[in-house]
Amino acid sequence: MRYFGSKVTVVPTLYRILSEKKPGGSFCDPFGGIGTIGSFFKSKNYRVYCGDVLTFAHYFQITKISQNTTPQFEKLFSHTDFTSCQDIVEYFNNLKPQKGWFSKNYVDKRKFFIPQNGEKIESCWKKIRLWEKQGLITYSEKAVLLASLINSMDKFANCAGTYYAYLKNWYQESLLPFKFELINFTPGNSNCKCFHCDAKELVGKQKFDILYLDPPYNERSYAGYYHLPETIALCETPPIHGKSGIPSSIRPKSAFNSIKTAKNELQCVLNESRFHVLAFHYTDNGIIRSDELRSILNEYGEVQEFTLVAKGYTNKSQCRDVNHRLYVVES
Ligand SMILES: C[S@@+](CC[C@H](N)C(=O)[O-])C[C@H]1O[C@@H](n2cnc3c(N)ncnc32)[C@H](O)[C@@H]1O
């Protein structure tokens, strides 16, 4: 899935820098997003503790990081003709498109999807909600199905990587027929855990070998930019408004999205933290100025700085290079 601020293109560099400091042990990623960094470190046998405040991000993390086998779907299989995950995938891909809340708002009123795709997504979503209501799927099976639906949906969404706005001219991929695919778990350390909570809560749970902090660095709220994945994960059909169809009771912005609160919030997170190595990932033009960051981090030990080049999204659905800085502190 396209994720704003994703560090997917710099994971190998990040791993090289951090594994030299700590070649194994616990790795905490409390601003974990859709689990990109956490699942990489899981695959390198770190014991990963991943978190995020958003429900859909948490479902991606469950799917890739805390799961170590494909879901068993025991109850669903005993009540249907399905005998494998592949049967579920085929079933979803052959479901009859349906109209409803999703297609009315994100197909008819707003051009996020072409009709046959929007209505197909609607029927998959309804089916998952029904199975949950009937008690046929467990919490983690629901998480895997919803994360997979969101991930599949994103490939056909007529937008530039966020759900802030749809594109005037149809995005090429959004015209192709929707296909449901299951996300696989990431093989690796089998003692990883995921938490749906604020970073302050996760960082205080224990002393971590590596604490990797990658908070939002500008005023764009993830809850707002990813409102549709979040609504799908929450299985809600709330009143919505505006060009992007954002829920009227939009979830609150993170304190890291505001000039007034970001610096103080970072200090609160660090006050709660215990670590051997701290890696703080941020851009030079972020809300907290580089000189302020250096003076905050200096209190925890000598700060080393690395510049990383990541691919970011522009609002024109093209990639562009973004400079990031990794501040590493060894306690
Ligand atoms: C820059 S993104 C992380 C990107 C991720 N490292 C990746 O490579 O895909 C920041 C994440 O922090 C989450 N977030 C914002 N405020 C938070 C908080 N107070 N506690 C936990 N997560 C938070 C956002 O929902 C978002 O997913």
# chains A, B, ... in the order shown; residues from 1 in each chain; ligands from 1

call {"tool": "residues_near_ligand", "arguments": {"ligand": "ligand 1", "cutoff": "8 Å", "atoms": "only C-alpha atoms and all ligand atoms", "output": "PyMOL selection string"}}
result
chain A and resi 3-8+29-37+51-54+57+197-200+214-217+221-223+253-257

call {"tool": "residues_around", "arguments": {"residues": "Glu90 of chain A", "least_positions_apart": "6", "cutoff": "12 Å", "atoms": "only C-alpha atoms", "output": "ChimeraX atom specification"}}
result
/A:82-84,124,179-182

call {"tool": "closest_residue", "arguments": {"among": "A:Pro12, A:Pro187, A:Gly245, A:Gly118", "to": "Thr70 of chain A", "atoms": "only C-alpha atoms"}}
result
A:Pro187

call {"tool": "atom_distance", "arguments": {"atom1": "atom CA of Lys133 of chain A", "atom2": "atom CA of Phe77 of chain A"}}
result
15.9 Å

call {"tool": "atom_distance", "arguments": {"atom1": "atom CA of Glu230 of chain A", "atom2": "atom CA of Thr55 of chain A"}}
result
6.3 Å

call {"tool": "closest_residue", "arguments": {"among": "A:Gly286, A:Pro238, A:Gly25, A:Gly188", "to": "Gln67 of chain A", "atoms": "only C-alpha atoms"}}
result
A:Gly188

call {"tool": "closest_residue", "arguments": {"among": "A:Leu228, A:Ile17, A:Cys28, A:Leu293", "to": "Tyr106 of chain A", "atoms": "only C-alpha atoms"}}
result
A:Leu228

call {"tool": "residues_around", "arguments": {"residues": "Lys155 of chain A", "least_positions_apart": "3", "cutoff": "8 Å", "atoms": "only C-alpha atoms", "output": "PyMOL selection string"}}
result
chain A and resi 1+151-152+173-174

call {"tool": "residues_around", "arguments": {"residues": "segment 63-65 of chain A", "least_positions_apart": "6", "cutoff": "9 Å", "atoms": "only C-alpha atoms", "output": "list in words"}}
result
Ile34, Gly35, Thr36, Gly38, Ser39, Lys42, Val48, Tyr49, Cys50, Ser140, Glu141, Ala143, Val144, Leu145, Ala147, Ser148, Ile183, Asn184, Phe185, Thr186, Pro187, Gly188, Asn189, Ser190, Cys192, Lys193 and Cys194 of chain A

call {"tool": "residues_around", "arguments": {"residues": "Leu18 of chain A", "least_positions_apart": "3", "cutoff": "10 Å", "atoms": "only C-alpha atoms", "output": "JSON, numbers by chain"}}
result
{"A": [12, 13, 14, 15, 21, 22, 23, 24, 210, 212, 277, 278, 279, 328]}

call {"tool": "closest_residue", "arguments": {"among": "A:Tyr282, A:Trp131, A:Phe306, A:Trp170", "to": "Leu146 of chain A", "atoms": "only C-alpha atoms"}}
result
A:Trp131
